[in-house]
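File shown here: work10.cif, holding mmCIF, C-alpha atoms.
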```cif
data_work
#
loop_
_atom_site.group_PDB
_atom_site.id
_atom_site.type_symbol
_atom_site.label_atom_id
_atom_site.label_comp_id
_atom_site.auth_asym_id
_atom_site.auth_seq_id
_atom_site.Cartn_x
_atom_site.Cartn_y
_atom_site.Cartn_z
ATOM 1 C CA MET A 1 97.664 169.422 102.254
ATOM 2 C CA PHE A 2 96.779 165.798 103.145
ATOM 3 C CA ARG A 3 94.939 165.059 99.954
ATOM 4 C CA ARG A 4 96.178 162.842 97.180
ATOM 5 C CA SER A 5 98.059 164.741 94.564
ATOM 6 C CA LYS A 6 96.526 164.893 91.126
ATOM 7 C CA SER A 7 99.529 163.174 89.596
ATOM 8 C CA GLU A 8 99.168 160.084 91.842
ATOM 9 C CA THR A 9 97.444 157.168 90.085
ATOM 10 C CA PRO A 10 94.931 154.848 91.803
ATOM 11 C CA SER A 11 97.418 151.932 91.744
ATOM 12 C CA GLU A 12 100.015 154.031 93.590
ATOM 13 C CA ALA A 13 97.404 155.012 96.162
ATOM 14 C CA ALA A 14 96.482 151.367 96.739
ATOM 15 C CA ALA A 15 100.172 150.512 97.190
ATOM 16 C CA ALA A 16 100.524 153.283 99.789
ATOM 17 C CA GLU A 17 97.735 151.827 101.986
ATOM 18 C CA PRO A 18 98.754 149.297 104.678
ATOM 19 C CA GLN A 19 98.633 145.687 103.456
ATOM 20 C CA GLY A 20 97.749 142.436 105.222
ATOM 21 C CA LYS A 21 94.872 143.591 107.432
ATOM 22 C CA THR A 22 91.693 141.866 106.323
ATOM 23 C CA GLY A 23 89.511 143.143 109.141
ATOM 24 C CA GLY A 24 88.284 141.551 112.350
ATOM 25 C CA LYS A 25 90.194 140.557 115.477
ATOM 26 C CA GLY A 26 90.117 136.811 114.952
ATOM 27 C CA ARG A 27 87.590 136.084 117.720
ATOM 28 C CA PRO A 28 83.962 136.943 118.366
ATOM 29 C CA THR A 29 83.130 139.979 120.470
ATOM 30 C CA PRO A 30 82.149 138.798 123.953
ATOM 31 C CA THR A 31 78.577 139.388 125.025
ATOM 32 C CA ARG A 32 77.870 141.824 127.819
ATOM 33 C CA ARG A 33 77.248 138.934 130.217
ATOM 34 C CA GLU A 34 80.578 137.246 129.334
ATOM 35 C CA ALA A 35 82.426 140.549 129.707
ATOM 36 C CA GLU A 36 80.873 141.127 133.149
ATOM 37 C CA GLN A 37 81.753 137.588 134.255
ATOM 38 C CA ALA A 38 85.361 138.072 133.104
ATOM 39 C CA ARG A 39 85.538 141.393 134.969
ATOM 40 C CA LYS A 40 84.141 139.826 138.169
ATOM 41 C CA ALA A 41 86.595 136.914 137.876
ATOM 42 C CA SER A 42 89.494 139.344 137.579
ATOM 43 C CA LEU A 43 88.300 141.142 140.712
ATOM 44 C CA LYS A 44 88.266 137.827 142.613
ATOM 45 C CA LYS A 45 91.986 137.272 142.084
ATOM 46 C CA PRO A 46 93.810 136.632 145.371
ATOM 47 C CA ARG A 47 95.268 139.646 147.132
ATOM 48 C CA ASN A 48 97.788 137.796 149.343
ATOM 49 C CA ARG A 49 99.559 134.430 149.666
ATOM 50 C CA LYS A 50 96.910 132.922 151.919
ATOM 51 C CA GLU A 51 94.135 133.688 149.444
ATOM 52 C CA ALA A 52 96.314 132.460 146.554
ATOM 53 C CA ALA A 53 96.910 129.140 148.315
ATOM 54 C CA ALA A 54 93.181 128.757 149.023
ATOM 55 C CA TYR A 55 92.397 129.593 145.399
ATOM 56 C CA ARG A 56 94.940 126.988 144.176
ATOM 57 C CA ARG A 57 93.538 124.341 146.519
ATOM 58 C CA GLU A 58 89.998 124.996 145.332
ATOM 59 C CA LYS A 59 91.077 124.866 141.699
ATOM 60 C CA MET A 60 92.937 121.569 142.252
ATOM 61 C CA ARG A 61 89.913 120.139 144.094
ATOM 62 C CA THR A 62 87.576 120.941 141.197
ATOM 63 C CA GLU A 63 90.077 119.504 138.693
ATOM 64 C CA ARG A 64 90.360 116.292 140.747
ATOM 65 C CA ALA A 65 86.566 116.038 140.921
ATOM 66 C CA LYS A 66 86.353 116.427 137.129
ATOM 67 C CA MET A 67 89.056 113.786 136.693
ATOM 68 C CA GLN A 68 87.250 111.339 138.999
ATOM 69 C CA ASP A 69 84.012 111.857 137.057
ATOM 70 C CA ALA A 70 85.914 111.330 133.804
ATOM 71 C CA MET A 71 87.298 108.042 135.157
ATOM 72 C CA LYS A 72 83.710 106.849 135.596
ATOM 73 C CA THR A 73 82.260 108.245 132.367
ATOM 74 C CA GLY A 74 85.282 108.031 130.036
ATOM 75 C CA ASP A 75 85.167 111.763 129.186
ATOM 76 C CA ASP A 76 88.454 112.252 127.324
ATOM 77 C CA ARG A 77 88.750 115.964 128.156
ATOM 78 C CA TYR A 78 89.450 115.431 131.864
ATOM 79 C CA LEU A 79 91.279 112.098 131.845
ATOM 80 C CA PRO A 80 94.922 111.952 132.984
ATOM 81 C CA ALA A 81 97.499 112.330 130.206
ATOM 82 C CA ALA A 82 98.325 108.598 130.332
ATOM 83 C CA ASP A 83 94.728 107.702 129.405
ATOM 84 C CA LYS A 84 93.938 110.445 126.884
ATOM 85 C CA GLY A 85 93.411 110.033 123.179
ATOM 86 C CA PRO A 86 91.525 107.778 120.781
ATOM 87 C CA VAL A 87 94.321 105.173 120.653
ATOM 88 C CA ARG A 88 94.317 104.708 124.433
ATOM 89 C CA ARG A 89 90.506 104.565 124.405
ATOM 90 C CA PHE A 90 90.634 101.862 121.727
ATOM 91 C CA ALA A 91 93.254 99.929 123.748
ATOM 92 C CA ARG A 92 91.050 100.069 126.863
ATOM 93 C CA ASP A 93 88.028 98.848 124.897
ATOM 94 C CA TYR A 94 90.116 96.090 123.301
ATOM 95 C CA VAL A 95 91.264 94.880 126.735
ATOM 96 C CA ASP A 96 87.827 95.183 128.353
ATOM 97 C CA ALA A 97 86.102 93.242 125.563
ATOM 98 C CA ARG A 98 88.192 90.076 126.002
ATOM 99 C CA TRP A 99 88.659 87.397 128.641
ATOM 100 C CA SER A 100 92.227 87.221 129.882
ATOM 101 C CA VAL A 101 94.360 84.855 131.973
ATOM 102 C CA MET A 102 96.258 87.825 133.407
ATOM 103 C CA GLU A 103 93.101 89.257 134.935
ATOM 104 C CA PHE A 104 92.731 86.207 137.188
ATOM 105 C CA ALA A 105 96.461 85.499 137.643
ATOM 106 C CA LEU A 106 96.907 87.233 140.989
ATOM 107 C CA PRO A 107 93.971 85.523 142.795
ATOM 108 C CA VAL A 108 94.901 82.124 141.330
ATOM 109 C CA LEU A 109 98.572 82.462 142.324
ATOM 110 C CA LEU A 110 97.503 83.573 145.803
ATOM 111 C CA VAL A 111 95.292 80.490 146.228
ATOM 112 C CA ILE A 112 98.031 78.182 144.930
ATOM 113 C CA SER A 113 100.613 79.632 147.323
ATOM 114 C CA LEU A 114 98.189 79.412 150.284
ATOM 115 C CA LEU A 115 97.516 75.742 149.464
ATOM 116 C CA GLY A 116 101.242 75.119 149.388
ATOM 117 C CA VAL A 117 101.822 76.803 152.756
ATOM 118 C CA VAL A 118 98.837 75.338 154.617
ATOM 119 C CA PHE A 119 98.925 71.727 153.378
ATOM 120 C CA SER A 120 102.652 71.231 152.695
ATOM 121 C CA GLY A 121 103.111 69.307 155.961
ATOM 122 C CA VAL A 122 100.103 67.062 155.322
ATOM 123 C CA PHE A 123 100.789 66.074 151.708
ATOM 124 C CA THR A 124 104.411 65.486 150.760
ATOM 125 C CA TRP A 125 103.686 65.716 147.023
ATOM 126 C CA LEU A 126 101.947 69.133 147.304
ATOM 127 C CA PRO A 127 105.057 71.401 147.078
ATOM 128 C CA GLY A 128 105.995 69.799 143.754
ATOM 129 C CA LEU A 129 102.457 70.354 142.438
ATOM 130 C CA VAL A 130 102.457 73.966 143.641
ATOM 131 C CA ASN A 131 105.723 74.620 141.803
ATOM 132 C CA LEU A 132 104.320 73.022 138.655
ATOM 133 C CA LEU A 133 101.132 75.123 138.880
ATOM 134 C CA PHE A 134 103.234 78.275 139.329
ATOM 135 C CA LEU A 135 105.211 77.458 136.189
ATOM 136 C CA VAL A 136 102.041 76.701 134.206
ATOM 137 C CA MET A 137 100.447 79.972 135.356
ATOM 138 C CA ILE A 138 103.551 81.983 134.434
ATOM 139 C CA ALA A 139 103.630 80.341 130.987
ATOM 140 C CA CYS A 140 99.916 81.189 130.501
ATOM 141 C CA ILE A 141 100.555 84.810 131.539
ATOM 142 C CA GLY A 142 103.449 85.074 129.066
ATOM 143 C CA ALA A 143 101.346 83.649 126.226
ATOM 144 C CA ASP A 144 98.428 85.938 127.075
ATOM 145 C CA TRP A 145 100.785 88.949 127.167
ATOM 146 C CA PHE A 146 102.233 88.004 123.760
ATOM 147 C CA PHE A 147 98.837 87.533 122.066
ATOM 148 C CA LEU A 148 97.321 90.634 123.664
ATOM 149 C CA SER A 149 100.174 92.945 122.661
ATOM 150 C CA GLY A 150 100.442 91.583 119.131
ATOM 151 C CA GLY A 151 96.707 91.598 118.452
ATOM 152 C CA LEU A 152 96.262 95.090 119.880
ATOM 153 C CA LYS A 153 99.151 96.561 117.869
ATOM 154 C CA ARG A 154 97.777 95.026 114.663
ATOM 155 C CA ALA A 155 94.286 96.356 115.398
ATOM 156 C CA ILE A 156 95.636 99.851 116.129
ATOM 157 C CA ALA A 157 97.806 99.836 112.976
ATOM 158 C CA LYS A 158 94.677 98.963 110.998
ATOM 159 C CA LYS A 159 92.341 101.500 112.645
ATOM 160 C CA PHE A 160 94.864 104.307 113.275
ATOM 161 C CA PRO A 161 97.545 103.867 110.586
ATOM 162 C CA ASN A 162 99.397 107.117 111.349
ATOM 163 C CA GLU A 163 99.466 106.741 115.142
ATOM 164 C CA SER A 164 102.422 105.371 117.110
ATOM 165 C CA THR A 165 101.933 102.136 119.071
ATOM 166 C CA ARG A 166 104.897 102.816 121.351
ATOM 167 C CA GLY A 167 104.079 101.850 124.947
ATOM 168 C CA ILE A 168 100.558 100.706 124.094
ATOM 169 C CA GLY A 169 101.323 97.038 124.767
ATOM 170 C CA PHE A 170 102.479 97.720 128.319
ATOM 171 C CA TYR A 171 99.476 100.050 128.856
ATOM 172 C CA ALA A 172 97.114 97.233 127.823
ATOM 173 C CA VAL A 173 98.916 94.611 129.939
ATOM 174 C CA ARG A 174 98.850 96.862 132.985
ATOM 175 C CA ARG A 175 95.095 97.315 132.538
ATOM 176 C CA THR A 176 94.563 93.593 131.947
ATOM 177 C CA MET A 177 96.251 92.685 135.225
ATOM 178 C CA GLN A 178 93.554 94.557 137.143
ATOM 179 C CA MET A 179 90.235 92.894 137.896
ATOM 180 C CA ARG A 180 87.591 94.288 135.549
ATOM 181 C CA ARG A 181 85.474 95.891 138.272
ATOM 182 C CA TRP A 182 88.460 97.834 139.668
ATOM 183 C CA ARG A 183 89.757 99.213 136.360
ATOM 184 C CA LEU A 184 89.975 102.959 135.914
ATOM 185 C CA PRO A 185 88.777 104.489 133.626
ATOM 186 C CA LYS A 186 85.735 102.247 133.948
ATOM 187 C CA PRO A 187 85.132 99.724 131.144
ATOM 188 C CA MET A 188 82.806 101.115 128.458
ATOM 189 C CA VAL A 189 82.256 97.872 126.502
ATOM 190 C CA ALA A 190 80.795 94.511 127.484
ATOM 191 C CA ARG A 191 82.807 91.317 127.266
ATOM 192 C CA GLY A 192 82.773 89.919 123.746
ATOM 193 C CA GLU A 193 81.734 93.284 122.276
ATOM 194 C CA LYS A 194 83.903 94.532 119.434
ATOM 195 C CA PRO A 195 85.743 97.788 120.301
ATOM 196 C CA ALA A 196 84.630 100.804 118.268
#
```

What is this file in structure tokens?
Amino acid sequence: MFRRSKSETPSEAAAAEPQGKTGGKGRPTPTRREAEQARKASLKKPRNRKEAAAYRREKMRTERAKMQDAMKTGDDRYLPAADKGPVRRFARDYVDARWSVMEFALPVLLVISLLGVVFSGVFTWLPGLVNLLFLVMIACIGADWFFLSGGLKRAIAKKFPNESTRGIGFYAVRRTMQMRRWRLPKPMVARGEKPA
């Protein structure tokens, strides 16, 4: 009744069988230990809103802890989206390897302005000098910005020819304006070292 008829040829029988299935489920079978852990995790799911909120808070706390560790170690898996990827890593290394006027701009401008405020009544020529120093510092910042962005974009185009450099100049400038010891993610290269 369910047997192949004698008139049916082997090619017709092969055509009648379902096509496309090559076998396997596309993933390895979990071990007994993994299966038990998955079952226990499913049993731990929150039963009410209070437990769900506590579960969310705990999950966010562990994610924040991983992100803070990644900021210190440079682990790309847990970095924020703005810092992820090999291009951003290269940009950070490029910035951290060089000396920059922008890095010291804020303290220098602060000192200049304090000198102008404190001693302006004593020395009549000091306000003019303070204004001149401000202009010189702003010109140095602009030149540093220009050379940093241009050099970084050329280096990225050479090392990562298919990657976009959109926004990378501002990312590098923003990092450069921070003092080296306060930069996050932490610098992974020494000054003068060539970025990898």

Rounded to one decimal, what separation in Å do you get between atom CA of Gly167 of chain A and atom CA of Thr73 of chain A?
23.9 Å

Would you please work out which residue, of A:Ala70, A:Ala82, A:Ala65, A:Ala196, is nearest to Ala155 of chain A when using all atoms listed in the file?
A:Ala196

Find, counting all atoms listed in the file, the residue in A:Leu135, A:Ala97, A:Leu115, A:Met177 that gets nearest to Gly192 of chain A.
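Checking each of A:Leu135, A:Ala97, A:Leu115, A:Met177 against Gly192 of chain A, counting all atoms listed in the file, the winner is A:Ala97.
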
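What separates atom CA of Asn162 of chain A from atom CA of Asp83 of chain A is a distance of 18.7 Å.
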
Apply the PyMOL selection byres ((chain A and resi 186-189) around 9) to the file shown and report the selected residues as a list in words.
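With the shown file as input, the PyMOL selection byres ((chain A and resi 186-189) around 9) matches Met71, Lys72, Thr73, Gly74, Arg92, Asp93, Tyr94, Val95, Asp96, Ala97, Arg180, Arg181, Trp182, Arg183, Leu184, Pro185, Ala190, Arg191, Gly192, Glu193, Lys194 and Pro195 of chain A.
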
So that I can check the surroundings of Leu148 of chain A, please list as a ChimeraX atom specification every protein, DNA and RNA residue that reaches within 12 Å of it, counting all atoms listed in the file and ignoring chain neighbours fewer than 4 positions away.
/A:91-92,94-102,140-144,152-155,168-177

Counting only C-alpha atoms, which residue out of A:Glu36, A:Val87, A:Lys59, A:Arg27 sits closest to Ala157 of chain A?
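Ranked by minimum distance to Ala157 of chain A, first place goes to A:Val87.
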
If we count all atoms listed in the file and set the cut-off at 8 Å, which residues sit around Leu126 of chain A, ignoring sequence neighbours fewer than 5 positions away in its own chain? Please answer as a VMD selection string.
chain A and resid 116 119 to 120

Using all atoms listed in the file, which residue out of A:Phe160, A:Leu132, A:Val117, A:Phe104 lies closest to Met179 of chain A?
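Ranked by minimum distance to Met179 of chain A, first place goes to A:Phe104.
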
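Atom CA of Met137 of chain A sits 7.6 Å away from atom CA of Leu109 of chain A.
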
Would you compute, for all listed atoms of segment 130-135 of chain A, the axis-aligned bounding box grown by 5 Å on each side, and then report its centre and edge lengths in Å rounded to one decimal, as AutoDock Vina command-line options?
```
--center_x 103.4 --center_y 75.6 --center_z 139.9 --size_x 14.6 --size_y 15.3 --size_z 17.5
```

Pick out the closest residue to Pro107 of chain A from this set: A:Ala38, A:Gln178, A:Tyr78, A:Ala54. Count all atoms listed in the file.
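Among the listed residues, the smallest separation from Pro107 of chain A belongs to A:Gln178.
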